[in-house]
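Chemist: For reference, this is target-v1.cif, and it has mmCIF, C-alpha atoms and all ligand atoms.
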data_entry
#
loop_
_atom_site.label_atom_id
_atom_site.label_comp_id
_atom_site.auth_asym_id
_atom_site.auth_seq_id
_atom_site.Cartn_x
_atom_site.Cartn_y
_atom_site.Cartn_z
CA MET N 1 -49.01 34.95 5.82
CA TYR N 2 -47.45 32.03 3.95
CA THR N 3 -44.80 32.04 1.23
CA SER N 4 -45.02 30.14 -2.03
CA LYS N 5 -42.57 28.01 -3.94
CA ILE N 6 -42.36 26.36 -7.37
CA THR N 7 -42.38 22.64 -6.62
CA GLY N 8 -42.62 21.20 -10.15
CA LEU N 9 -41.92 22.26 -13.73
CA GLY N 10 -42.78 20.67 -17.07
CA HIS N 11 -42.93 21.54 -20.74
CA TYR N 12 -44.12 20.09 -24.01
CA VAL N 13 -43.54 21.10 -27.63
CA PRO N 14 -45.04 19.42 -30.72
CA GLU N 15 -42.73 17.06 -32.62
CA ASN N 16 -43.13 18.85 -35.94
CA ILE N 17 -40.02 21.03 -36.54
CA VAL N 18 -40.40 23.95 -38.97
CA THR N 19 -37.11 25.46 -40.10
CA ASN N 20 -36.53 28.92 -41.57
CA ASP N 21 -36.01 27.24 -44.94
CA ASP N 22 -39.42 25.57 -44.61
CA LEU N 23 -41.02 28.99 -44.14
CA SER N 24 -39.17 30.42 -47.14
CA LYS N 25 -41.16 27.96 -49.29
CA LEU N 26 -44.41 29.58 -48.11
CA MET N 27 -43.46 33.28 -48.21
CA ASP N 28 -40.76 35.69 -49.32
CA THR N 29 -38.32 35.26 -46.44
CA ASN N 30 -34.98 33.57 -45.87
CA ASP N 31 -32.90 31.90 -43.17
CA ALA N 32 -30.32 34.73 -43.04
CA TRP N 33 -32.94 37.45 -42.41
CA ILE N 34 -34.69 35.48 -39.66
CA ARG N 35 -31.46 34.49 -37.91
CA GLU N 36 -29.94 37.95 -38.10
CA ARG N 37 -33.03 39.84 -36.86
CA THR N 38 -34.33 37.33 -34.30
CA GLY N 39 -31.79 34.54 -33.63
CA ILE N 40 -34.51 31.98 -34.43
CA GLU N 41 -33.41 28.87 -36.35
CA GLU N 42 -36.51 26.70 -36.08
CA ARG N 43 -39.80 26.45 -34.22
CA ARG N 44 -42.43 23.76 -33.55
CA HIS N 45 -45.86 23.78 -35.18
CA ILE N 46 -48.81 21.56 -34.37
CA LYS N 47 -49.44 19.24 -37.31
CA LYS N 48 -53.03 18.66 -38.33
CA GLY N 49 -54.13 15.36 -36.80
CA ASP N 50 -51.37 15.10 -34.16
CA GLY N 51 -53.97 15.55 -31.41
CA ASN N 52 -52.48 18.74 -30.02
CA SER N 53 -54.28 21.96 -29.16
CA THR N 54 -53.55 24.75 -26.70
CA SER N 55 -55.32 22.95 -23.87
CA VAL N 56 -53.97 19.49 -24.80
CA MET N 57 -50.38 20.76 -24.82
CA GLY N 58 -51.12 22.46 -21.50
CA VAL N 59 -52.23 19.12 -20.04
CA LYS N 60 -49.04 17.40 -21.32
CA ALA N 61 -46.79 20.03 -19.70
CA ALA N 62 -48.90 20.03 -16.51
CA THR N 63 -48.73 16.23 -16.18
CA ILE N 64 -44.92 16.40 -16.09
CA ALA N 65 -44.95 19.32 -13.63
CA LEU N 66 -47.30 17.43 -11.29
CA GLU N 67 -45.12 14.30 -11.40
CA ARG N 68 -42.07 16.35 -10.50
CA ALA N 69 -43.96 18.05 -7.67
CA LYS N 70 -44.95 14.54 -6.51
CA LEU N 71 -48.61 15.58 -6.53
CA ALA N 72 -51.75 13.98 -7.93
CA PRO N 73 -54.35 15.98 -9.90
CA SER N 74 -56.58 15.76 -6.81
CA ASP N 75 -53.97 17.77 -4.83
CA ILE N 76 -54.42 20.84 -7.05
CA ASP N 77 -56.70 23.56 -5.64
CA PHE N 78 -56.74 26.08 -8.48
CA ILE N 79 -55.71 26.36 -12.16
CA VAL N 80 -54.36 29.54 -13.73
CA PHE N 81 -54.08 29.22 -17.51
CA ALA N 82 -52.31 31.86 -19.62
CA THR N 83 -52.76 32.00 -23.40
CA LEU N 84 -53.58 34.32 -26.28
CA SER N 85 -54.56 31.38 -28.49
CA PRO N 86 -57.30 29.44 -26.69
CA ASP N 87 -58.97 26.47 -28.38
CA MET N 88 -62.26 28.34 -28.21
CA TYR N 89 -63.16 32.04 -28.03
CA PHE N 90 -64.86 31.07 -24.79
CA PRO N 91 -64.68 29.27 -22.41
CA GLY N 92 -60.96 29.45 -21.72
CA GLY N 93 -58.29 26.77 -21.51
CA GLY N 94 -58.33 26.43 -17.73
CA VAL N 95 -61.65 24.61 -17.58
CA GLN N 96 -60.57 22.30 -20.39
CA VAL N 97 -57.47 21.33 -18.42
CA GLN N 98 -59.61 20.79 -15.34
CA ASP N 99 -61.85 18.42 -17.29
CA MET N 100 -59.05 16.52 -19.08
CA MET N 101 -57.03 16.08 -15.87
CA GLY N 102 -60.06 15.03 -13.83
CA MET N 103 -59.70 17.81 -11.30
CA GLY N 104 -63.26 17.74 -9.92
CA THR N 105 -64.83 21.18 -9.63
CA ILE N 106 -61.81 23.25 -8.63
CA PRO N 107 -61.74 26.84 -9.94
CA ALA N 108 -59.94 27.69 -13.19
CA LEU N 109 -58.92 31.17 -14.25
CA ASP N 110 -57.71 32.27 -17.68
CA VAL N 111 -55.13 35.05 -17.93
CA ARG N 112 -55.14 37.16 -21.11
CA ASN N 113 -51.81 38.96 -20.94
CA GLN N 114 -50.00 37.57 -23.97
CA CYS N 115 -46.19 37.51 -23.60
CA SER N 116 -46.49 38.56 -19.95
CA GLY N 117 -49.17 35.91 -19.34
CA PHE N 118 -46.99 33.50 -17.38
CA VAL N 119 -45.52 36.24 -15.19
CA TYR N 120 -49.03 37.53 -14.42
CA ALA N 121 -50.26 33.97 -13.81
CA ILE N 122 -47.42 33.21 -11.38
CA SER N 123 -48.21 36.43 -9.54
CA VAL N 124 -51.89 35.42 -9.23
CA ALA N 125 -50.91 31.97 -7.95
CA ASP N 126 -48.45 33.50 -5.49
CA GLN N 127 -51.13 35.77 -3.98
CA PHE N 128 -53.60 32.90 -3.47
CA VAL N 129 -50.95 30.72 -1.82
CA LYS N 130 -49.62 33.56 0.35
CA THR N 131 -53.04 34.29 1.83
CA GLY N 132 -53.56 30.63 2.62
CA MET N 133 -56.61 30.28 0.38
CA TYR N 134 -54.96 27.59 -1.79
CA LYS N 135 -52.08 25.20 -1.14
CA ASN N 136 -51.22 23.99 -4.65
CA VAL N 137 -51.88 26.05 -7.76
CA LEU N 138 -51.25 24.74 -11.28
CA VAL N 139 -49.96 27.50 -13.57
CA ILE N 140 -49.88 26.86 -17.33
CA GLY N 141 -48.74 28.91 -20.32
CA SER N 142 -49.67 27.37 -23.67
CA GLU N 143 -49.93 28.62 -27.24
CA ASN N 144 -51.04 27.31 -30.60
CA HIS N 145 -49.80 30.17 -32.78
CA SER N 146 -49.49 28.21 -35.99
CA GLY N 147 -53.26 27.77 -36.15
CA GLY N 148 -53.82 31.50 -36.61
CA LEU N 149 -50.87 33.07 -38.41
CA ASP N 150 -50.75 34.53 -41.91
CA PHE N 151 -48.19 32.37 -43.73
CA THR N 152 -48.19 34.51 -46.86
CA THR N 153 -45.57 37.22 -47.51
CA ARG N 154 -48.08 39.75 -46.11
CA GLY N 155 -47.68 38.23 -42.64
CA ARG N 156 -43.97 37.43 -42.72
CA SER N 157 -42.80 39.97 -40.10
CA VAL N 158 -45.02 38.26 -37.52
CA SER N 159 -45.37 34.65 -38.64
CA VAL N 160 -41.65 33.76 -38.76
CA ILE N 161 -41.27 34.64 -35.08
CA PHE N 162 -43.92 32.56 -33.35
CA GLY N 163 -43.99 28.88 -32.38
CA ASP N 164 -46.26 26.44 -30.52
CA GLY N 165 -45.71 24.82 -27.12
CA ALA N 166 -46.62 24.74 -23.45
CA GLY N 167 -44.97 25.04 -20.05
CA ALA N 168 -46.33 24.50 -16.56
CA ALA N 169 -45.36 25.15 -12.96
CA VAL N 170 -46.87 24.00 -9.68
CA VAL N 171 -46.88 26.82 -7.13
CA SER N 172 -47.24 25.38 -3.62
CA ARG N 173 -47.26 26.58 -0.05
CA ASN N 174 -43.60 26.77 0.99
CA GLU N 175 -43.34 24.27 3.80
CA SER N 176 -39.55 24.68 4.14
CA GLY N 177 -39.83 28.30 5.25
CA THR N 178 -36.80 29.36 3.22
CA GLY N 179 -36.63 30.80 -0.29
CA GLY N 180 -39.55 30.64 -2.69
CA ILE N 181 -41.18 33.40 -4.70
CA LEU N 182 -39.79 36.63 -3.24
CA SER N 183 -41.82 39.18 -5.18
CA THR N 184 -43.70 39.85 -8.41
CA HIS N 185 -43.95 43.17 -10.27
CA LEU N 186 -46.65 43.83 -12.87
CA HIS N 187 -47.40 46.72 -15.24
CA SER N 188 -49.48 47.69 -18.26
CA GLU N 189 -49.87 50.61 -20.66
CA GLY N 190 -53.05 50.16 -22.68
CA LYS N 191 -52.51 53.19 -24.88
CA HIS N 192 -50.22 50.98 -27.00
CA LYS N 193 -52.81 48.20 -27.35
CA ASP N 194 -52.93 48.46 -31.16
CA GLN N 195 -49.17 48.08 -31.64
CA LEU N 196 -49.27 44.33 -31.11
CA SER N 197 -52.75 42.99 -31.45
CA LEU N 198 -55.26 40.72 -33.11
CA GLN N 199 -58.55 42.57 -33.57
CA GLY N 200 -60.89 39.81 -34.58
CA PRO N 201 -62.84 37.75 -33.86
CA SER N 202 -64.06 40.09 -31.16
CA THR N 203 -67.26 41.89 -30.37
CA GLU N 204 -66.02 44.73 -32.59
CA HIS N 205 -65.26 42.35 -35.47
CA TRP N 206 -68.06 39.92 -34.96
CA VAL N 207 -69.78 37.19 -36.92
CA PRO N 208 -72.04 39.32 -39.16
CA GLU N 209 -69.01 41.33 -40.16
CA ILE N 210 -66.96 38.21 -40.87
CA ILE N 211 -69.71 37.00 -43.17
CA ALA N 212 -70.39 40.38 -44.77
CA GLU N 213 -66.78 41.22 -45.53
CA ASN N 214 -64.48 39.38 -47.84
CA PRO N 215 -62.29 37.37 -45.44
CA GLN N 216 -59.38 37.27 -47.86
CA GLU N 217 -59.09 41.03 -47.82
CA ASP N 218 -59.90 41.30 -44.15
CA ILE N 219 -56.72 41.52 -42.12
CA PRO N 220 -58.10 42.08 -38.57
CA TYR N 221 -58.16 38.30 -38.16
CA TYR N 222 -54.37 38.11 -38.33
CA PRO N 223 -52.04 39.47 -35.66
CA TYR N 224 -50.47 42.86 -36.31
CA MET N 225 -47.18 44.00 -34.81
CA ASN N 226 -45.30 47.28 -35.16
CA GLY N 227 -41.99 45.45 -34.64
CA GLN N 228 -39.58 48.35 -34.12
CA PHE N 229 -41.99 50.21 -31.81
CA VAL N 230 -42.43 47.06 -29.71
CA PHE N 231 -38.68 46.39 -29.70
CA LYS N 232 -37.86 49.88 -28.40
CA HIS N 233 -40.44 49.68 -25.61
CA ALA N 234 -39.43 46.10 -24.72
CA ILE N 235 -35.81 46.93 -23.95
CA VAL N 236 -36.79 49.88 -21.74
CA ARG N 237 -39.51 48.03 -19.82
CA PHE N 238 -37.45 44.84 -19.38
CA SER N 239 -34.68 46.90 -17.78
CA GLU N 240 -37.04 48.87 -15.53
CA VAL N 241 -38.90 45.86 -14.22
CA ILE N 242 -35.72 43.86 -13.49
CA LYS N 243 -34.34 46.85 -11.55
CA GLU N 244 -37.68 47.19 -9.75
CA GLY N 245 -37.52 43.53 -8.65
CA LEU N 246 -33.92 43.82 -7.48
CA ALA N 247 -34.60 47.05 -5.56
CA ALA N 248 -37.69 45.56 -3.84
CA ASN N 249 -35.46 42.82 -2.43
CA ASP N 250 -32.44 45.01 -1.63
CA MET N 251 -30.40 43.18 -4.22
CA GLY N 252 -28.12 44.13 -7.07
CA VAL N 253 -27.38 42.72 -10.50
CA GLU N 254 -24.48 40.76 -8.99
CA ASP N 255 -27.02 38.72 -6.97
CA ILE N 256 -28.68 37.28 -10.10
CA ASP N 257 -27.75 33.62 -10.62
CA ILE N 258 -29.93 33.06 -13.65
CA PHE N 259 -32.06 35.39 -15.74
CA ILE N 260 -34.80 33.81 -17.86
CA PRO N 261 -36.38 36.40 -20.15
CA HIS N 262 -39.50 35.98 -22.22
CA GLN N 263 -38.18 34.53 -25.47
CA ALA N 264 -39.28 37.35 -27.77
CA ASN N 265 -36.18 37.91 -29.84
CA LEU N 266 -32.55 36.93 -29.17
CA ARG N 267 -31.51 40.51 -29.94
CA ILE N 268 -33.71 41.80 -27.08
CA SER N 269 -32.25 39.22 -24.65
CA GLN N 270 -28.71 40.08 -25.75
CA PHE N 271 -29.39 43.80 -25.31
CA ILE N 272 -30.56 43.24 -21.73
CA GLN N 273 -27.69 40.85 -21.00
CA LYS N 274 -25.19 43.46 -22.17
CA LYS N 275 -26.89 46.27 -20.29
CA PHE N 276 -26.78 44.34 -17.02
CA GLN N 277 -23.33 42.88 -17.88
CA LEU N 278 -24.50 39.33 -17.24
CA PRO N 279 -22.17 36.52 -18.37
CA ASP N 280 -23.55 33.94 -20.85
CA ASP N 281 -24.02 31.26 -18.17
CA LYS N 282 -26.41 33.54 -16.24
CA VAL N 283 -28.91 34.00 -19.07
CA TYR N 284 -31.00 31.17 -20.50
CA ASN N 285 -32.33 31.46 -24.07
CA ASN N 286 -33.96 28.80 -26.23
CA MET N 287 -35.92 30.78 -28.82
CA GLN N 288 -33.35 29.56 -31.35
CA LYS N 289 -35.15 26.17 -31.21
CA TYR N 290 -38.72 27.16 -30.37
CA GLY N 291 -39.25 30.72 -31.60
CA ASN N 292 -41.46 32.99 -29.52
CA THR N 293 -44.11 30.92 -27.74
CA THR N 294 -45.65 33.93 -25.93
CA ALA N 295 -47.20 32.82 -22.59
CA ALA N 296 -45.39 29.47 -22.88
CA SER N 297 -41.91 30.88 -23.48
CA ILE N 298 -40.82 31.48 -19.88
CA PRO N 299 -42.16 28.18 -18.45
CA ILE N 300 -40.62 26.21 -21.35
CA ALA N 301 -37.26 27.93 -20.80
CA LEU N 302 -37.50 27.60 -17.00
CA SER N 303 -38.35 23.91 -17.22
CA GLU N 304 -35.59 23.23 -19.75
CA ALA N 305 -32.99 25.18 -17.75
CA TRP N 306 -33.98 23.24 -14.62
CA GLU N 307 -33.73 19.90 -16.52
CA LYS N 308 -30.22 20.85 -17.64
CA GLY N 309 -29.16 21.51 -14.04
CA LYS N 310 -28.75 25.23 -14.62
CA ILE N 311 -30.94 26.12 -11.64
CA LYS N 312 -29.66 25.05 -8.24
CA GLU N 313 -31.09 25.32 -4.75
CA GLY N 314 -30.47 28.78 -3.31
CA ASP N 315 -30.09 30.44 -6.73
CA LEU N 316 -31.69 33.81 -7.37
CA VAL N 317 -33.83 33.24 -10.48
CA VAL N 318 -35.18 36.34 -12.25
CA LEU N 319 -38.01 36.07 -14.80
CA ALA N 320 -39.08 39.05 -16.91
CA ALA N 321 -41.51 39.55 -19.77
CA PHE N 322 -42.86 42.25 -22.05
CA GLY N 323 -45.52 42.08 -24.71
CA SER N 324 -48.88 42.98 -26.17
CA GLY N 325 -51.06 45.33 -24.13
CA PHE N 326 -48.45 46.58 -23.54
CA THR N 327 -47.96 44.50 -20.39
CA TRP N 328 -44.76 43.64 -18.59
CA GLY N 329 -43.55 42.19 -15.33
CA SER N 330 -40.90 40.34 -13.37
CA VAL N 331 -40.73 37.53 -10.81
CA MET N 332 -37.92 37.17 -8.27
CA ILE N 333 -37.43 33.63 -6.95
CA ARG N 334 -35.01 32.19 -4.40
CA TRP N 335 -34.83 28.58 -5.62
O1 LIG P 1 -43.12 38.77 -27.88
C1 LIG P 1 -43.87 39.95 -27.94
C2 LIG P 1 -43.01 41.11 -28.08
N1 LIG P 1 -42.49 41.17 -29.42
C3 LIG P 1 -41.27 41.64 -29.61
O2 LIG P 1 -40.60 41.96 -28.66
C4 LIG P 1 -40.82 41.82 -31.05
C5 LIG P 1 -40.00 43.08 -31.18
N2 LIG P 1 -39.58 43.36 -32.55
C6 LIG P 1 -38.75 42.59 -33.26
O3 LIG P 1 -38.31 41.56 -32.78
C7 LIG P 1 -38.29 43.06 -34.60
O4 LIG P 1 -38.80 44.36 -34.83
C8 LIG P 1 -38.71 42.12 -35.79
C9 LIG P 1 -37.89 40.85 -35.73
C10 LIG P 1 -40.18 41.80 -35.70
C11 LIG P 1 -38.45 42.79 -37.13
O5 LIG P 1 -37.10 43.18 -37.24
P1 LIG P 1 -36.74 44.67 -37.73
O6 LIG P 1 -35.30 44.74 -37.75
O7 LIG P 1 -37.48 45.63 -36.85
O8 LIG P 1 -37.31 44.68 -39.22
P2 LIG P 1 -38.38 45.66 -39.89
O9 LIG P 1 -39.76 45.33 -39.43
O10 LIG P 1 -37.94 47.06 -39.76
O11 LIG P 1 -38.28 45.23 -41.41
C12 LIG P 1 -37.06 45.46 -42.15
C13 LIG P 1 -37.27 44.93 -43.56
C14 LIG P 1 -38.54 45.43 -44.23
O12 LIG P 1 -38.26 45.61 -45.60
P3 LIG P 1 -37.94 47.07 -46.21
O13 LIG P 1 -39.16 47.89 -45.90
O14 LIG P 1 -36.73 47.55 -45.48
O15 LIG P 1 -37.73 46.79 -47.66
C15 LIG P 1 -39.50 44.29 -44.07
O16 LIG P 1 -40.49 44.25 -45.07
O17 LIG P 1 -37.38 43.50 -43.54
C16 LIG P 1 -38.59 43.10 -44.21
N3 LIG P 1 -39.09 41.90 -43.55
C17 LIG P 1 -38.67 40.65 -43.88
N4 LIG P 1 -37.81 40.20 -44.79
C18 LIG P 1 -37.61 38.89 -44.86
C19 LIG P 1 -39.98 41.82 -42.54
N5 LIG P 1 -40.16 40.53 -42.20
C20 LIG P 1 -39.37 39.79 -43.02
C21 LIG P 1 -39.11 38.41 -43.13
N6 LIG P 1 -38.24 38.00 -44.07
N7 LIG P 1 -39.71 37.49 -42.34
#
Have the structure of the file written as structure tokens, please.
Ligand code: UT7
Modeler:
Amino acid sequence: MYTSKITGLGHYVPENIVTNDDLSKLMDTNDAWIRERTGIEERRHIKKGDGNSTSVMGVKAATIALERAKLAPSDIDFIVFATLSPDMYFPGGGVQVQDMMGMGTIPALDVRNQCSGFVYAISVADQFVKTGMYKNVLVIGSENHSGGLDFTTRGRSVSVIFGDGAGAAVVSRNESGTGGILSTHLHSEGKHKDQLSLQGPSTEHWVPEIIAENPQEDIPYYPYMNGQFVFKHAIVRFSEVIKEGLAANDMGVEDIDIFIPHQANLRISQFIQKKFQLPDDKVYNNMQKYGNTTAASIPIALSEAWEKGKIKEGDLVVLAAFGSGFTWGSVMIRW
């Protein structure tokens, strides 16, 4: 049995900055409400014609991650692509990345686990590397939320939160023998599937229905979120899955060097930070600048924290996510 290690990180966000004031011109919202409830100050949105899409942003983040891992596209054995906003209903983003990066006929798998997508994707990569089946796995989380949100007042409780962007990590066989990905912990609870969901297009809200119904009155095509219900479950599940990861490795909260939560809402991150009594320099948040980028949020934050020198060799890095499904999970890494 091998162990795996993250050998390269990269991220990309579109240039177009959308502030809270910009959104208040489109809907009945305001900077004070958004900041107070979420901590978000601005986010990035793809601009029509800028060439970006979910898969294109994934390629941009992946190119940086590969450079940092000192690997060529031909060194990658497998792609795991996490998104809830693929360019096409099918096929998924993984095969598009494979084509754009010229990666021959290697396998590509799409993960559909929303905010927990990157954590699930890392876990998948880790298993394939551990068994020896693959040596280098490219893991991507990428989202184009702005293409599918309701920017009228009707959609304000969802659309002010989400932003676009991509992050990538190369998960490789750990040749050094020390450190690496220690463990991953995954969960789901499908009975809450409707609490944070987008119902159509799907086989239950399919093309004849789209044509037959009046699209303007037809809300299944916009995401729905029961915000307070999700918030309450998020803080419980985040705590449980962090404790689960620590216990599995015989560690305590005092062993955490840096905690990188899914960037859902600054108030959720602060709640967890307070609960675990972590000092500010042990928690990395950037949703103030990027909003909630779902599957991309952890790899963007991880890559940015690493760039800023906040992650050092030997550090215990804890990743945790919660979101639609509900799904949640954690990753324990010795850097
Ligand atoms: O990443 C996936 C996981 N997602 C999460 O973890 C999100 C968890 N939930 C949340 O972050 C919060 O619940 C929200 C930020 C989404 C909402 O905050 P809240 O404190 O739960 O607000 P609320 O939904 O209870 O709404 C309070 C009021 C309502 O008005 P009334 O009924 O009190 O008159 C809303 O209509 O705020 C109103 N409102 C807004 N006002 C201005 C909702 N959205 C907005 C808005 N601007 N954008």
Chemist: Could you list the protein, DNA and RNA residues that have any atom within 7 Å of ligand LIG 1 (chain P), counting only C-alpha atoms and all ligand atoms, and write them as a list in words?
Modeler: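 For ligand LIG 1 (chain P), the residues inside 7 Å are Asp28, Thr29, Asn30, Trp33, Ile34, Arg37, Thr38, Cys115, Arg156, Ser157, Val158, Val160, Gly227, Gln228, Val230, Phe231, Ala234, Gln263, Ala264, Asn265, Asn292, Thr294, Phe322, Gly323 and Ser324 of chain N.
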Chemist: Kindly give the distance, in Å, that separates atom CA of Ala168 of chain N and atom CA of Asp280 of chain N, rounded to a single decimal.
Modeler: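 Those two atoms sit 25.0 Å apart.
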Chemist: With distances taken over all atoms listed in the file, which residue among N:Ile140, N:Ala61, N:Lys135, N:Val56 lies nearest Ile79 of chain N?
Modeler: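 Closest to Ile79 of chain N, using all atoms listed in the file: N:Ile140.
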Chemist: For a quick check of understanding, using only C-alpha atoms, which of N:Pro279, N:Pro86, N:Gly179, N:Gly49 has the smallest distance to His145 of chain N?
Modeler: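 So, comparing all the options, the nearest one is N:Pro86.
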Chemist: At what distance in Å, to one decimal, does atom CA of Thr293 of chain N lie from atom CA of Asn226 of chain N?
Modeler: 18.0 Å
Chemist: If you count all atoms listed in the file, which residues fall within 12 Å of Ser123 of chain N, apart from same-chain ones fewer than 3 positions away, as a PyMOL selection string?
Modeler: chain N and resi 4-6+80+82+111+116-120+126-130+137+139+171+181-187+319+329-333
